[in-house]
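Before any comments, here is the structure.
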Amino acid sequence: MLSAFQDAAKKFTNEEQGVLIPFYAFYDSVHEFLDGSIQRVITRAIDGANKGDGLEPFDVDVLKLLFLIRYTGDIPANVDNIATLMVSSINVDKLGLKTLIKDSLHRLISQNYVQKNADDYRFLTDDEQDINREIENTVLDEILVVEAIGKYIFGDIYEDQKYKYNNRYNFAFNSKIDEKGIGNQTAKIGIRFLTKASDDYDADEAALKMASADKNDLIIRLDGNSEYFEEMKQALKIERFDKTKKADKMPDAYNRIIIEKQEEAQVRRNRAKKMLEEEVTKARYYVNGERFESHGSNAKERINNAMKVLVEGVYNRLPYIVEFLENDDDIRKILQAKDEQLTLDGSSSDQNYLATQEIISFIELQNARHLQITMKNILDKFETEPYGWREIDIAGLVAGLFKKQQIRLLYKGSYLESTEKALVSYLRKKTEIENLVVKKRVGIDPQLIKVARDICKELFDTIDVPADEDGIVKKLLEKMQEKSLFIHEEYLSQYKGKNYPGKEIIEKGLSIFKELEKCKADNLTLLTKLKEEQKALLDWDEEMLSVQAFFKNQRPIFDKGLEIIAKIDDNSSYLQVKEFIDKTTQLREITDDPAPFNRIIEMPDLTSWLKERFETLLAEKKNSSEAKIVNDQIALQLSLNQYNLSDQRRIDYKKEIDDWYESKIEDLHISDNFIKLDAAITQSTTFREKIMEEIKKEIRPTGGGRVRENFCHQLNFNDFKVDEFDELRTAEDVEKYMNKLSTKLKGIINENKIIRFQ
């Protein structure tokens with residue numbers, strides 16, 4: 001080291017007083033002790049300077065100095081330190097010297113003798129020059145540099161996925177760097193950083209202002225003089241070069257250089273990030289068509305301040321909502337609120353009045369264009385610019401309009417009421433909002449409301465009648481349904497199998513109800529139809545009083561009339577007496593009349609007369625029928641003694657004959673049908689003939705093969721006379737007479753005689 005100082009002093013022995021020995025002068029003293037790879041670098045630089053091949057002699061001195069500084073290790077190789085160590089006189093112009101040094105460093109870097117790393121300059125050995133040369137020749141698309149810068153910006157400097165405007169509003173934004181989008185680009189606003197690689201980087205102020213307004217972007221133009229781009233580019237080149245090399249196949253010296261380069265790449269990345277943070281604070285901001293001076297203590301604060309301006313410009317109607325909802329229960333409270341709490345006038349207490357008016361205006365516009373509006377259309381409209389409202393608040397506004405009866409909601413073809421349990425789901429669920437149709441409610445003439453209220457009071461005796469449109473329609477439909485059900489259960493059910501009057505009256509009212517029910521999908525149509533049917537309904541209500549009175553008081557009278565007519569119809573061919581026919585016709589005119597309520601008073605007399613006459617004729621018919629049947633019974637009883645039957649068979653036949661005729665006569669006594677009385681005679685004849693055939697088959701032959709004939713008694717008129725009965729006046733007289741005659745005739749039989757009729 002002492003020798004090096006001596007050699008340097010000898011070189012400057014002849015210089016004037018005030019000279020200083022620059023640090024590079026010590027190189028020559030140690031030159032011969034240096035590694036060949038270092039000597040070759042210096043020698044090659046000297047040759048290049050002598051030939052004027054891109055270098056100057058001063059550059060060689062700077063290169064020597066950088067070599068000495070590199071291996072000293074304690075002195076940063078920046079321009080200031082280099083200048084200090086290059087001073088050769090106390091009178092030197094240091095500023096001028098720095099300029100010379102900077103120009104020299106630039107030439108040395110271009111010739112690959114020196115590498116710049118931030119503010120430091122590094123002497124390169126032969127191997128390092130080779131590697132640096134390969135790195136510089138590595139092809140790297142600038143879009144990769146832009147993407148890497150974008151990842152740093154949106155991953156570290158401004159990592160938020162949404163901009164938090166306040167505690168209620170978070171806005172998604174598109175992240176862009178130059179022309180490259182990072183992630184999904186579906187938001188309505190965006191942040192776009194411009195680097196010097198962008199096509200729009202050199203655009204003038206007017207173009208950048210216009211671009212910020214057209215795309216709803218916050219444009220942040222980074223300074224082109226900063227070295228962040230080159231630092232990131234150099235780091236990426238080193239990383240790409242490193243991937244192409246197999247370090248395990250290289251010499252140790254080469255591997256050491258690669259490791260140093262890897263560390264250098266990370267240092268450059270970190271330096272680029274720090275530079276970017278500084279650049280964002282110094283960048284030019286463009287928002288809403290204007291240049292904006294953003295303030296803040298750091299990059300993130302400045303971006304957020306600019307984003308606030310962007311949001312308020314793009315979503316300029318965001319402040320229209322003042323009162324916010326938190327959950328579904330808040331919407332239910334709106335739907336369940338009392339009507340008086342929801343009145344809306346020009347100076348409404350509704351804090352969200354402006355937002356409400358925006359929605360109703362949109363609905364009116366779509367309605368005027370004859371376009372169907374769904375809840376999804378409304379959400380799509382008001383979740384985006386210039387509104388940006390939250391989905392739950394929009395649903396609450398629609399619920400409020402529905403409750404105030406300014407709109408109607410239609411779900412899958414059916415109109416909804418505010419009491420519908422699933423209504424909140426229809427307003428909010430993604431799977432339902434397309435099925436919920438929103439319609440502007442057509443203004444209803446107050447006169448139509450009045451008609452509905454009057455009918456509810458007069459027709460249905462309703463005291464508490466709603467005054468609002470939906471309320472009165474709901475009440476009207478409820479009362480019609482109740483009335484229809486009551487009429488079916490109380491009256492129509494009693495017509496089954498009965499020809500009662502008033503059915504046409506009942507059905508007329510029910511028919512009007514049914515027609516009104518068909519109009520329930522539209523309030524205006526329903527109330528208009530109700531006004532058309534008002535007189536008919538009130539007239540029907542008057543007519544129903546007669547029907548109600550009939551079932552309350554007149555039905556028993558009518559039932560008796562129907563009963564006697566039914567008997568007459570069953571026996572009409574036996575009742576062909578003129579007076580009977582006339583009375584029946586009079587009664588039938590009343591029962592066949594659809595509204596005979598004023599004539600039912602005539603029915604008791606007609607019914608009584610017909611019943612008495614019917615019973616008289618029926619009694620006469622019973623007597624004649626019974627007499628014929630009794631004759632058949634007597635004939636059979638006589639036959640039992642006429643033929644030679646065994647005693648047991650005679651007993652069996654007698655019992656069978658007596659039982660059959662006893663039953664048949666009993667049926668005659670209770671029968672009220674003339675046809676059945678005639679049928680009984682026919683049945684008696686058939687039975688008599690049947691028994692006679694059976695008896696003849698069972699008679700036993702006597703001696704000589706002939707049937708024994710008993711002594712015959714010929715009946716004459718006197719035989720039919722019975723003491724005590726000169727004449728018969730009543731059915732009871734007939735029955736007593738027949739009993740006496742039966743005893744008399746049985747006495748003849750008991751004398752073993754056969755009775756024959758002359």
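In the structure tokens, chains take letters A, B, ... by order of appearance, with residues numbered from 1 within each chain and ligands from 1 in the order shown.
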Considering only alpha helix (DSSP H) as DSSP defines it on the backbone, what residues of region 178-300 of chain A qualify? List them as a compact mmCIF listing (two decimals) with N, CA and C atoms, in the first residue's frame.
# COMPACT_ATOMS: atom_id res chain seq x y z
N GLU A 205 -54.09 17.65 -22.59
CA GLU A 205 -54.99 17.78 -21.44
C GLU A 205 -56.44 17.56 -21.84
N ALA A 206 -56.84 18.15 -22.94
CA ALA A 206 -58.25 18.06 -23.36
C ALA A 206 -58.65 16.61 -23.61
N ALA A 207 -57.74 15.86 -24.26
CA ALA A 207 -58.06 14.46 -24.56
C ALA A 207 -58.17 13.63 -23.29
N LEU A 208 -57.29 13.87 -22.33
CA LEU A 208 -57.34 13.12 -21.07
C LEU A 208 -58.59 13.48 -20.26
N LYS A 209 -58.95 14.74 -20.28
CA LYS A 209 -60.18 15.15 -19.59
C LYS A 209 -61.40 14.45 -20.21
N MET A 210 -61.43 14.46 -21.54
CA MET A 210 -62.56 13.84 -22.23
C MET A 210 -62.61 12.34 -21.97
N ALA A 211 -61.44 11.70 -21.95
CA ALA A 211 -61.38 10.25 -21.72
C ALA A 211 -61.90 9.91 -20.32
N SER A 212 -61.59 10.75 -19.34
CA SER A 212 -62.07 10.48 -17.98
C SER A 212 -63.58 10.59 -17.91
N ALA A 213 -64.16 11.50 -18.67
CA ALA A 213 -65.62 11.67 -18.64
C ALA A 213 -66.32 10.58 -19.43
N ASP A 214 -65.76 10.21 -20.58
CA ASP A 214 -66.42 9.22 -21.44
C ASP A 214 -66.48 7.85 -20.79
N TYR A 228 -38.99 4.27 -12.55
CA TYR A 228 -39.69 3.07 -12.08
C TYR A 228 -39.89 2.07 -13.22
N PHE A 229 -40.15 2.59 -14.44
CA PHE A 229 -40.41 1.70 -15.57
C PHE A 229 -39.17 0.90 -15.93
N GLU A 230 -38.01 1.60 -16.00
CA GLU A 230 -36.76 0.94 -16.36
C GLU A 230 -36.33 -0.04 -15.27
N GLU A 231 -36.57 0.35 -14.03
CA GLU A 231 -36.22 -0.54 -12.92
C GLU A 231 -37.02 -1.84 -13.00
N MET A 232 -38.32 -1.71 -13.24
CA MET A 232 -39.16 -2.91 -13.34
C MET A 232 -38.78 -3.73 -14.57
N LYS A 233 -38.49 -3.03 -15.66
CA LYS A 233 -38.11 -3.73 -16.88
C LYS A 233 -36.81 -4.51 -16.69
N GLN A 234 -35.84 -3.88 -16.02
CA GLN A 234 -34.55 -4.54 -15.81
C GLN A 234 -34.73 -5.75 -14.88
N ALA A 235 -35.59 -5.61 -13.85
CA ALA A 235 -35.83 -6.73 -12.93
C ALA A 235 -36.46 -7.91 -13.68
N LEU A 236 -37.40 -7.63 -14.55
CA LEU A 236 -38.05 -8.69 -15.31
C LEU A 236 -37.09 -9.36 -16.28
N LYS A 237 -36.19 -8.57 -16.87
CA LYS A 237 -35.21 -9.16 -17.78
C LYS A 237 -34.28 -10.11 -17.04
N ILE A 238 -33.85 -9.67 -15.86
CA ILE A 238 -32.97 -10.54 -15.06
C ILE A 238 -33.70 -11.84 -14.72
N GLU A 239 -34.94 -11.74 -14.31
CA GLU A 239 -35.71 -12.93 -13.92
C GLU A 239 -35.92 -13.86 -15.10
N ARG A 240 -36.19 -13.27 -16.28
CA ARG A 240 -36.37 -14.12 -17.46
C ARG A 240 -35.06 -14.79 -17.85
N PHE A 241 -33.94 -14.04 -17.79
CA PHE A 241 -32.62 -14.60 -18.10
C PHE A 241 -32.30 -15.75 -17.15
N ASP A 242 -32.61 -15.53 -15.87
CA ASP A 242 -32.30 -16.54 -14.86
C ASP A 242 -33.04 -17.85 -15.14
N LYS A 243 -34.25 -17.77 -15.65
CA LYS A 243 -35.05 -18.96 -15.91
C LYS A 243 -34.48 -19.78 -17.07
N THR A 244 -33.73 -19.11 -17.94
CA THR A 244 -33.21 -19.81 -19.12
C THR A 244 -31.88 -20.52 -18.85
N ASP A 252 -18.50 -21.88 -10.90
CA ASP A 252 -18.87 -21.26 -9.63
C ASP A 252 -18.92 -19.75 -9.73
N ALA A 253 -17.94 -19.17 -10.43
CA ALA A 253 -17.90 -17.71 -10.57
C ALA A 253 -19.16 -17.21 -11.28
N TYR A 254 -19.54 -17.97 -12.29
CA TYR A 254 -20.74 -17.60 -13.05
C TYR A 254 -21.97 -17.69 -12.15
N ASN A 255 -22.04 -18.76 -11.35
CA ASN A 255 -23.19 -18.95 -10.46
C ASN A 255 -23.28 -17.83 -9.44
N ARG A 256 -22.10 -17.37 -8.95
CA ARG A 256 -22.11 -16.27 -7.99
C ARG A 256 -22.69 -15.00 -8.62
N ILE A 257 -22.35 -14.79 -9.86
CA ILE A 257 -22.89 -13.60 -10.55
C ILE A 257 -24.40 -13.72 -10.71
N ILE A 258 -24.88 -14.93 -11.04
CA ILE A 258 -26.32 -15.14 -11.20
C ILE A 258 -27.05 -14.86 -9.89
N ILE A 259 -26.48 -15.34 -8.79
CA ILE A 259 -27.10 -15.11 -7.48
C ILE A 259 -27.17 -13.61 -7.19
N GLU A 260 -26.07 -12.91 -7.51
CA GLU A 260 -26.06 -11.46 -7.31
C GLU A 260 -27.13 -10.79 -8.17
N LYS A 261 -27.32 -11.31 -9.38
CA LYS A 261 -28.34 -10.74 -10.27
C LYS A 261 -29.75 -10.97 -9.73
N GLN A 262 -29.95 -12.15 -9.14
CA GLN A 262 -31.26 -12.43 -8.54
C GLN A 262 -31.55 -11.43 -7.42
N GLU A 263 -30.56 -11.17 -6.61
CA GLU A 263 -30.72 -10.19 -5.53
C GLU A 263 -30.96 -8.81 -6.12
N GLU A 264 -30.23 -8.52 -7.20
CA GLU A 264 -30.39 -7.23 -7.86
C GLU A 264 -31.82 -7.06 -8.39
N ALA A 265 -32.39 -8.16 -8.94
CA ALA A 265 -33.76 -8.08 -9.48
C ALA A 265 -34.75 -7.72 -8.39
N GLN A 266 -34.60 -8.35 -7.20
CA GLN A 266 -35.52 -8.05 -6.11
C GLN A 266 -35.35 -6.61 -5.62
N VAL A 267 -34.08 -6.16 -5.58
CA VAL A 267 -33.82 -4.78 -5.17
C VAL A 267 -34.47 -3.81 -6.15
N ARG A 268 -34.35 -4.13 -7.44
CA ARG A 268 -34.95 -3.26 -8.46
C ARG A 268 -36.49 -3.24 -8.34
N ARG A 269 -37.07 -4.41 -8.07
CA ARG A 269 -38.53 -4.46 -7.89
C ARG A 269 -38.96 -3.57 -6.71
N ASN A 270 -38.26 -3.73 -5.61
CA ASN A 270 -38.61 -2.93 -4.43
C ASN A 270 -38.44 -1.44 -4.71
N ARG A 271 -37.37 -1.14 -5.44
CA ARG A 271 -37.11 0.27 -5.76
C ARG A 271 -38.20 0.80 -6.70
N ALA A 272 -38.63 -0.05 -7.64
CA ALA A 272 -39.70 0.36 -8.56
C ALA A 272 -40.99 0.64 -7.79
N LYS A 273 -41.31 -0.23 -6.81
CA LYS A 273 -42.51 -0.03 -6.01
C LYS A 273 -42.44 1.29 -5.24
N LYS A 274 -41.28 1.56 -4.64
CA LYS A 274 -41.14 2.80 -3.88
C LYS A 274 -41.26 4.01 -4.80
N MET A 275 -40.66 3.89 -5.97
CA MET A 275 -40.77 4.98 -6.95
C MET A 275 -42.22 5.20 -7.36
N LEU A 276 -42.96 4.06 -7.54
CA LEU A 276 -44.36 4.16 -7.95
C LEU A 276 -45.19 4.87 -6.89
N GLU A 277 -44.96 4.56 -5.62
CA GLU A 277 -45.69 5.22 -4.55
C GLU A 277 -45.45 6.73 -4.60
N GLU A 278 -44.21 7.10 -4.85
CA GLU A 278 -43.90 8.52 -4.95
C GLU A 278 -44.55 9.13 -6.19
N GLU A 279 -44.53 8.35 -7.28
CA GLU A 279 -45.10 8.86 -8.53
C GLU A 279 -46.60 9.09 -8.42
N VAL A 280 -47.30 8.19 -7.70
CA VAL A 280 -48.76 8.34 -7.56
C VAL A 280 -49.08 9.64 -6.83
N THR A 281 -48.25 10.02 -5.86
CA THR A 281 -48.50 11.27 -5.13
C THR A 281 -48.21 12.49 -6.00
N LYS A 282 -47.33 12.31 -6.99
CA LYS A 282 -46.97 13.46 -7.85
C LYS A 282 -47.70 13.45 -9.19
N ALA A 299 -50.17 7.85 -1.15
CA ALA A 299 -50.77 7.55 -2.45
C ALA A 299 -52.23 7.11 -2.32
N LYS A 300 -52.52 6.25 -1.34
CA LYS A 300 -53.88 5.72 -1.19
C LYS A 300 -54.87 6.83 -0.86
Spatial neighbours of Thr607 (chain A), 8 Å, only C-alpha atoms, chain gap at least 2 places, as a ChimeraX atom specification
/A:560-561,564,587,603-605,609-611
Do a neighbour search on region 176-182 of chain A at 9 Å with only C-alpha atoms, toss out local chain neighbours closer than 5 positions, and write the hits as a compact mmCIF listing (two decimals) with N, CA, C and O atoms, in the first residue's frame.
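Output file part-v9.txt is given in full below:
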# COMPACT_ATOMS: atom_id res chain seq x y z
N ILE A 143 -45.50 -4.99 -22.56
CA ILE A 143 -46.79 -5.23 -21.91
C ILE A 143 -46.61 -5.99 -20.61
O ILE A 143 -47.38 -5.82 -19.66
N VAL A 146 -45.74 -3.47 -18.04
CA VAL A 146 -46.96 -2.75 -17.66
C VAL A 146 -47.79 -3.59 -16.70
O VAL A 146 -48.31 -3.09 -15.69
N GLU A 147 -47.94 -4.88 -16.99
CA GLU A 147 -48.73 -5.77 -16.13
C GLU A 147 -48.10 -5.86 -14.74
O GLU A 147 -48.82 -5.85 -13.72
N ILE A 149 -46.22 -3.65 -13.26
CA ILE A 149 -46.47 -2.38 -12.57
C ILE A 149 -47.91 -2.32 -12.07
O ILE A 149 -48.18 -1.88 -10.94
N GLY A 150 -48.85 -2.80 -12.92
CA GLY A 150 -50.26 -2.81 -12.51
C GLY A 150 -50.51 -3.67 -11.29
O GLY A 150 -51.28 -3.29 -10.40
N LYS A 151 -49.84 -4.81 -11.23
CA LYS A 151 -50.00 -5.69 -10.06
C LYS A 151 -49.48 -5.03 -8.79
O LYS A 151 -50.05 -5.19 -7.72
N ILE A 153 -49.37 -1.78 -8.27
CA ILE A 153 -50.26 -0.66 -7.93
C ILE A 153 -51.54 -1.18 -7.27
O ILE A 153 -51.94 -0.72 -6.20
N PHE A 154 -52.19 -2.18 -7.92
CA PHE A 154 -53.49 -2.64 -7.43
C PHE A 154 -53.38 -3.78 -6.42
O PHE A 154 -54.39 -4.22 -5.89
N GLY A 190 -63.98 3.28 -13.02
CA GLY A 190 -62.69 2.61 -13.05
C GLY A 190 -61.54 3.54 -12.65
O GLY A 190 -61.69 4.76 -12.61
N ILE A 191 -60.42 2.92 -12.37
CA ILE A 191 -59.16 3.65 -12.13
C ILE A 191 -58.19 3.21 -13.21
O ILE A 191 -57.92 2.01 -13.36
N ARG A 192 -57.66 4.18 -13.95
CA ARG A 192 -56.72 3.86 -15.03
C ARG A 192 -55.42 4.63 -14.82
O ARG A 192 -55.42 5.86 -14.75
N PHE A 193 -54.33 3.87 -14.69
CA PHE A 193 -53.00 4.47 -14.58
C PHE A 193 -52.36 4.49 -15.97
O PHE A 193 -52.47 3.51 -16.72
N LEU A 194 -51.70 5.58 -16.28
CA LEU A 194 -51.00 5.70 -17.56
C LEU A 194 -49.50 5.74 -17.31
O LEU A 194 -49.00 6.60 -16.56
N THR A 195 -48.79 4.80 -17.92
CA THR A 195 -47.32 4.83 -17.90
C THR A 195 -46.84 5.37 -19.24
O THR A 195 -47.63 5.58 -20.17
N LYS A 196 -45.57 5.53 -19.35
CA LYS A 196 -45.03 6.07 -20.61
C LYS A 196 -45.20 5.09 -21.77
O LYS A 196 -45.00 5.48 -22.92
N ALA A 197 -45.59 3.84 -21.46
CA ALA A 197 -45.79 2.86 -22.54
C ALA A 197 -47.19 2.96 -23.15
O ALA A 197 -47.48 2.30 -24.15
N SER A 198 -48.05 3.79 -22.57
CA SER A 198 -49.43 3.87 -23.05
C SER A 198 -49.53 4.67 -24.35
O SER A 198 -48.78 5.64 -24.55
N ASP A 199 -50.48 4.27 -25.18
CA ASP A 199 -50.73 5.03 -26.42
C ASP A 199 -51.27 6.42 -26.10
O ASP A 199 -51.14 7.34 -26.92
N ASP A 200 -51.90 6.55 -24.93
CA ASP A 200 -52.50 7.84 -24.56
C ASP A 200 -51.61 8.69 -23.67
O ASP A 200 -52.04 9.74 -23.19
N TYR A 201 -50.39 8.23 -23.44
CA TYR A 201 -49.53 8.93 -22.49
C TYR A 201 -49.23 10.36 -22.93
O TYR A 201 -49.19 11.29 -22.12
Among the residues A:Pro76, A:Leu124, A:Lys376, A:Asn167, the one that comes closest to Thr431 (chain A) [using only C-alpha atoms]:
A:Lys376
Report as a count of residues only all protein, DNA and RNA residues lying within 12 Å of Ser572 (chain A), evaluated on only C-alpha atoms, omitting residues in the same chain fewer than 2 positions from it.
18
